[in-house]
$ cat entry-v6.txt   # compact mmCIF, C-alpha atoms
# COMPACT_ATOMS: atom_id res chain seq x y z
CA MET A 27 123.89 161.61 67.68
CA ILE A 28 120.36 161.82 69.05
CA LYS A 29 118.43 158.72 70.15
CA VAL A 30 114.79 158.82 71.21
CA ILE A 31 114.12 157.17 74.57
CA SER A 32 110.40 157.88 74.82
CA TYR A 33 107.84 160.33 73.50
CA THR A 34 104.19 161.32 73.59
CA LYS A 35 102.41 159.48 70.81
CA LYS A 36 99.94 161.50 68.73
CA PRO A 37 100.78 164.84 70.36
CA LEU A 38 98.21 166.88 68.41
CA THR A 39 95.50 164.43 69.44
CA LEU A 40 96.52 164.92 73.08
CA MET A 41 96.57 168.69 72.67
CA GLY A 42 93.13 168.63 71.05
CA GLU A 43 91.81 166.42 73.83
CA ALA A 44 93.07 168.80 76.51
CA ALA A 45 91.93 172.01 74.82
CA SER A 46 88.50 170.65 73.85
CA ARG A 47 87.65 170.13 77.50
CA CYS A 48 87.98 173.85 78.07
CA TRP A 49 85.52 174.60 75.29
CA ASN A 50 83.14 171.63 75.69
CA SER A 51 83.84 170.74 72.07
CA LYS A 52 84.58 167.49 70.29
CA PRO A 53 88.28 166.47 70.60
CA SER A 54 90.26 166.72 67.39
CA PRO A 55 93.92 167.02 66.34
CA ARG A 56 92.79 170.07 64.37
CA ILE A 57 92.15 171.86 67.67
CA GLY A 58 95.79 171.26 68.56
CA ILE A 59 96.88 172.83 65.27
CA LYS A 60 94.62 175.83 65.85
CA CYS A 61 96.15 176.32 69.28
CA ILE A 62 99.62 176.53 67.71
CA GLU A 63 98.51 178.88 64.95
CA ASN A 64 96.61 181.16 67.34
CA GLY A 65 99.50 181.38 69.78
CA HIS A 66 97.94 179.38 72.61
CA GLY A 67 101.28 177.91 73.62
CA ARG A 68 100.28 176.41 76.95
CA VAL A 69 98.70 173.38 75.32
CA LEU A 70 102.05 172.65 73.64
CA GLU A 71 103.43 171.87 77.09
CA TYR A 72 101.48 168.59 77.28
CA PRO A 73 103.39 166.47 74.72
CA ASP A 74 107.07 165.87 75.33
CA VAL A 75 110.08 163.88 74.15
CA ILE A 76 112.98 162.27 76.01
CA VAL A 77 116.18 161.87 74.00
CA GLU A 78 119.81 160.91 74.54
CA ILE A 79 122.24 163.41 73.02
CA SER A 80 125.86 162.42 72.42
CA GLY A 81 128.70 163.50 70.18
CA TYR A 82 128.36 167.19 71.05
CA SER A 83 130.72 169.34 73.07
CA ALA A 84 130.32 170.25 76.72
CA ARG A 85 130.26 173.84 75.51
CA VAL A 86 127.13 173.43 73.41
CA ILE A 87 125.45 171.36 76.12
CA ARG A 88 126.18 174.20 78.55
CA GLU A 89 124.40 176.53 76.14
CA LEU A 90 121.47 174.14 75.99
CA TYR A 91 121.19 174.45 79.77
CA THR A 92 120.19 178.10 79.36
CA HIS A 93 116.81 176.82 78.14
CA ILE A 94 115.19 176.21 81.50
CA VAL A 95 111.42 176.31 81.00
CA GLY A 96 109.89 173.08 79.68
CA THR A 97 113.08 171.02 79.97
CA SER A 98 114.79 168.61 82.34
CA ARG A 99 118.29 167.20 81.94
CA LEU A 100 120.77 164.59 83.14
CA GLN A 101 124.41 164.71 82.05
CA GLN A 102 127.17 162.14 81.85
CA SER A 103 129.08 161.94 85.11
CA THR A 104 132.73 162.96 85.14
CA ARG A 105 132.96 161.49 88.63
CA TYR A 106 132.36 157.89 87.61
CA VAL A 107 133.04 157.79 83.85
CA ASP A 108 136.64 157.41 82.68
CA VAL A 109 137.24 159.92 79.88
CA SER A 110 140.96 159.41 79.35
CA ASN A 111 140.31 159.05 75.61
CA PHE A 112 137.59 161.60 74.90
CA ASP A 113 136.31 162.72 71.52
CA TYR A 114 136.04 166.44 70.91
CA TYR A 115 134.53 169.09 68.66
CA THR A 116 136.72 170.80 66.07
CA PRO A 117 135.38 174.07 64.59
CA ASP A 118 135.58 174.42 60.82
CA THR A 119 137.92 177.42 61.12
CA ILE A 120 140.43 175.12 62.81
CA LYS A 121 139.63 172.01 60.79
CA ASN A 122 140.30 173.85 57.53
CA ASN A 123 143.62 175.31 58.72
CA PRO A 124 146.32 172.58 58.89
CA LYS A 125 148.59 174.50 61.25
CA ALA A 126 145.74 175.45 63.58
CA LYS A 127 144.44 171.87 63.55
CA GLU A 128 147.88 170.55 64.49
CA ILE A 129 148.04 172.89 67.49
CA TYR A 130 144.46 172.05 68.49
CA ASP A 131 144.87 168.27 68.21
CA ASN A 132 148.21 168.29 70.01
CA THR A 133 146.66 170.21 72.90
CA MET A 134 143.80 167.73 73.17
CA GLN A 135 146.22 164.80 73.12
CA SER A 136 148.30 166.45 75.85
CA ILE A 137 145.22 166.80 78.04
CA MET A 138 144.33 163.14 77.54
CA LYS A 139 147.90 162.14 78.40
CA ALA A 140 147.83 164.24 81.57
CA TYR A 141 144.48 162.72 82.56
CA ARG A 142 145.87 159.20 82.18
CA GLN A 143 149.00 160.08 84.15
CA LEU A 144 146.93 161.43 87.02
CA ARG A 145 144.79 158.31 87.02
CA GLU A 146 147.95 156.19 87.22
CA LEU A 147 148.76 158.17 90.36
CA GLN A 148 145.39 157.07 91.78
CA ILE A 149 143.87 160.53 91.46
CA PRO A 150 140.05 160.16 91.47
CA LYS A 151 138.26 160.62 88.13
CA GLU A 152 136.21 163.47 89.59
CA ASP A 153 139.43 165.42 90.22
CA CYS A 154 141.07 164.51 86.91
CA ALA A 155 137.95 165.82 85.19
CA ASN A 156 139.05 169.38 85.94
CA LEU A 157 141.44 169.03 83.01
CA LEU A 158 138.65 168.46 80.51
CA PRO A 159 138.17 171.22 77.89
CA ILE A 160 134.72 172.54 77.02
CA GLY A 161 135.25 171.15 73.51
CA SER A 162 135.26 167.55 74.78
CA HIS A 163 132.20 165.51 73.91
CA THR A 164 129.69 164.63 76.59
CA LYS A 165 126.39 162.77 76.83
CA MET A 166 123.07 163.90 78.24
CA VAL A 167 119.43 162.90 78.53
CA LEU A 168 117.03 165.70 77.65
CA LYS A 169 113.32 165.83 78.42
CA ILE A 170 111.65 168.66 76.54
CA ASN A 171 108.06 169.59 75.73
CA ALA A 172 106.79 170.78 72.37
CA ARG A 173 106.51 174.41 73.42
CA ALA A 174 110.14 174.48 74.53
CA ILE A 175 111.19 172.82 71.26
CA LEU A 176 109.58 175.56 69.16
CA HIS A 177 111.02 178.30 71.37
CA MET A 178 114.49 176.79 71.18
CA ALA A 179 114.21 176.62 67.39
CA GLU A 180 113.39 180.34 67.21
CA VAL A 181 116.65 181.17 68.96
CA ARG A 182 119.03 178.43 67.82
CA LEU A 183 118.17 178.27 64.10
CA CYS A 184 119.25 181.88 63.77
CA ASN A 185 122.11 182.25 61.25
CA ARG A 186 124.13 183.98 63.97
CA ALA A 187 123.68 181.20 66.52
CA TYR A 188 126.75 179.12 67.39
CA LYS A 189 127.33 176.72 64.50
CA GLU A 190 127.51 173.53 66.58
CA TYR A 191 124.22 174.44 68.30
CA ARG A 192 122.54 174.98 64.93
CA LYS A 193 123.69 171.48 63.96
CA LEU A 194 122.32 170.05 67.21
CA MET A 195 119.03 171.91 66.75
CA ARG A 196 118.56 170.65 63.21
CA GLU A 197 119.32 167.07 64.23
CA LEU A 198 116.90 167.31 67.15
CA LEU A 199 114.13 168.64 64.90
CA ASP A 200 114.79 166.05 62.18
CA THR A 201 114.73 163.24 64.75
CA ILE A 202 111.48 164.38 66.37
CA ALA A 203 109.78 165.03 63.02
CA LYS A 204 110.18 161.32 62.19
CA LEU A 205 108.31 160.08 65.29
CA ASP A 206 104.85 160.22 63.71
CA ASP A 207 102.71 162.39 61.41
CA GLU A 208 101.53 164.63 64.25
CA TRP A 209 105.05 165.37 65.44
CA THR A 210 105.96 166.10 61.81
CA LYS A 211 103.20 168.73 61.76
CA ILE A 212 104.35 170.32 65.01
CA ILE A 213 107.97 170.50 63.85
CA SER A 214 106.84 172.24 60.65
CA TYR A 215 106.25 175.28 62.89
CA ALA A 216 109.88 175.25 64.11
CA LYS A 217 111.47 178.31 62.52
CA PRO A 218 114.02 180.98 63.43
CA LYS A 219 112.54 183.99 65.18
CA CYS A 220 112.91 186.25 62.14
CA GLU A 221 110.70 183.96 60.04
CA VAL A 222 108.09 183.85 62.78
CA MET A 223 108.02 187.64 63.34
CA GLY A 224 108.88 188.87 59.85
CA TYR A 225 111.83 190.95 61.06
CA CYS A 226 115.11 190.61 62.96
CA THR A 227 115.34 191.60 66.62
CA GLU A 228 119.10 191.04 66.93
CA LYS A 229 121.56 193.93 67.26
CA TYR A 230 123.84 192.31 64.68
CA SER A 231 121.65 190.97 61.88
CA CYS A 232 122.67 188.52 59.15
CA GLY A 233 120.56 190.60 56.74
CA LYS A 234 118.08 187.87 55.85
CA TYR A 235 115.19 189.96 57.22
CA PRO A 236 114.92 193.72 57.85
CA LYS A 237 115.67 195.01 61.36
CA LYS A 238 112.73 195.54 63.70
CA GLU A 239 113.22 199.32 63.82
CA ASP A 240 113.23 199.54 60.02
CA VAL A 241 109.92 197.69 59.80
CA ILE A 242 108.31 199.88 62.48
CA MET A 243 109.61 203.11 60.90
CA GLY A 244 108.51 201.94 57.48
$ encode --input "entry-v6.txt" --output "structure tokens"
Amino acid sequence: MIKVISYTKKPLTLMGEAASRCWNSKPSPRIGIKCIENGHGRVLEYPDVIVEISGYSARVIRELYTHIVGTSRLQQSTRYVDVSNFDYYTPDTIKNNPKAKEIYDNTMQSIMKAYRQLRELQIPKEDCANLLPIGSHTKMVLKINARAILHMAEVRLCNRAYKEYRKLMRELLDTIAKLDDEWTKIISYAKPKCEVMGYCTEKYSCGKYPKKEDVIMG
């Protein structure tokens, strides 16, 4: 689940205002659009969004942390928050296999039981937290600017990206697109890298677009 805490209202208007001062021109949201289309990404760093993300695994949040530029993050404390009954992510390959799901769920329940037993022994939450699997759900607050959003989309909308991250990315984009008409326009530029470049740069391609070397040789 993604909840918006705050955001820059009328981001294209802000971008146009900032860029117009460099050109001594009349401010206009259209200038902001032109900056996006012409690849002048710096102006996209002015508008940003702050959201609360929950219901996703610690694993996918750890992956999100690899996006450093244009972001700032706070994550739910395992030192102060009791997580003796945590929710967790179940991959489809496990969910659709009854035997695998039984093993997976039993393991998660065993971890929760062990956590509770340690707490009963007065072990601090921060030490019990070492039991937590990377599939357990966590909560975070993410501050991200528009440039970082579009860059993240290029990488994480790829068909070969981790499935849970693709889900998170789509929810983030859908949530931001509903903020106002100008955010809707910005998010319309959020596409996987292959759609932006016209070819795939990955070693292992899904086949949707030709490989980079094939386009260059052609």
$ residues_around --input "entry-v6.txt" --residues "Arg145 (chain A)" --least-positions-apart "6" --cutoff "12 Å" --atoms "all atoms listed in the file" --output "list in words"
Asp108, Val109, Ser110, Met138, Lys139, Lys151, Glu152, Asp153, Cys154, Ala155 and Leu157 of chain A
$ closest_atom_pairs --input "entry-v6.txt" --of "region 137-229 of chain A" --to "region 56-73 of chain A" --cutoff "9 Å" --atoms "all atoms listed in the file" --output "Markdown table"
| residue | atom | partner | partner_atom | distance |
| --- | --- | --- | --- | --- |
| A:Ile170 | CA | A:Pro73 | CA | 8.7 |
| A:Asn171 | CA | A:Glu71 | CA | 5.3 |
| A:Ala172 | CA | A:Leu70 | CA | 5.3 |
| A:Arg173 | CA | A:Leu70 | CA | 4.8 |
| A:Ala174 | CA | A:Glu71 | CA | 7.6 |
| A:Lys211 | CA | A:Ile59 | CA | 8.3 |
| A:Ile212 | CA | A:Ile59 | CA | 7.9 |
| A:Tyr215 | CA | A:Ile62 | CA | 8.3 |
$ residues_around --input "entry-v6.txt" --residues "region 184-186 of chain A" --least-positions-apart "3" --cutoff "10 Å" --atoms "all atoms listed in the file" --output "ChimeraX atom specification"
/A:179-181,189,192,217-221,226,228,230-234
$ atom_distance --input "entry-v6.txt" --atom1 "CA of Gly81 (chain A)" --atom2 "CA of His163 (chain A)"
5.5 Å
$ atom_distance --input "entry-v6.txt" --atom1 "CA of Ser214 (chain A)" --atom2 "CA of Leu199 (chain A)"
9.2 Å
$ closest_residue --input "entry-v6.txt" --among "A:Lys125, A:Arg85, A:Lys237, A:Lys36" --to "Leu158 (chain A)" --atoms "only C-alpha atoms"
A:Arg85
$ axis_aligned_box --input "entry-v6.txt" --around "region 148-167 of chain A" --padding-each-side "4 Å" --output "AutoDock Vina command-line options"
--center_x 132.4 --center_y 164.8 --center_z 82.6 --size_x 34.0 --size_y 23.5 --size_z 26.3
$ closest_residue --input "entry-v6.txt" --among "A:Arg105, A:Met178, A:Leu90, A:Tyr235" --to "Ile149 (chain A)" --atoms "all atoms listed in the file"
A:Arg105
$ atom_distance --input "entry-v6.txt" --atom1 "CA of Gly161 (chain A)" --atom2 "CA of Thr227 (chain A)"
29.4 Å
$ closest_residue --input "entry-v6.txt" --among "A:Gln148, A:Ser98, A:Gln143, A:Thr164" --to "Val86 (chain A)" --atoms "all atoms listed in the file"
A:Thr164
$ closest_residue --input "entry-v6.txt" --among "A:Leu144, A:Pro150, A:Leu205, A:Val167" --to "Tyr106 (chain A)" --atoms "all atoms listed in the file"
A:Pro150
$ closest_residue --input "entry-v6.txt" --among "A:Arg88, A:Ile175, A:Tyr82, A:Gly42" --to "Ile202 (chain A)" --atoms "all atoms listed in the file"
A:Ile175
$ closest_residue --input "entry-v6.txt" --among "A:Val95, A:Ser46, A:Glu197, A:Pro159" --to "Thr116 (chain A)" --atoms "all atoms listed in the file"
A:Pro159
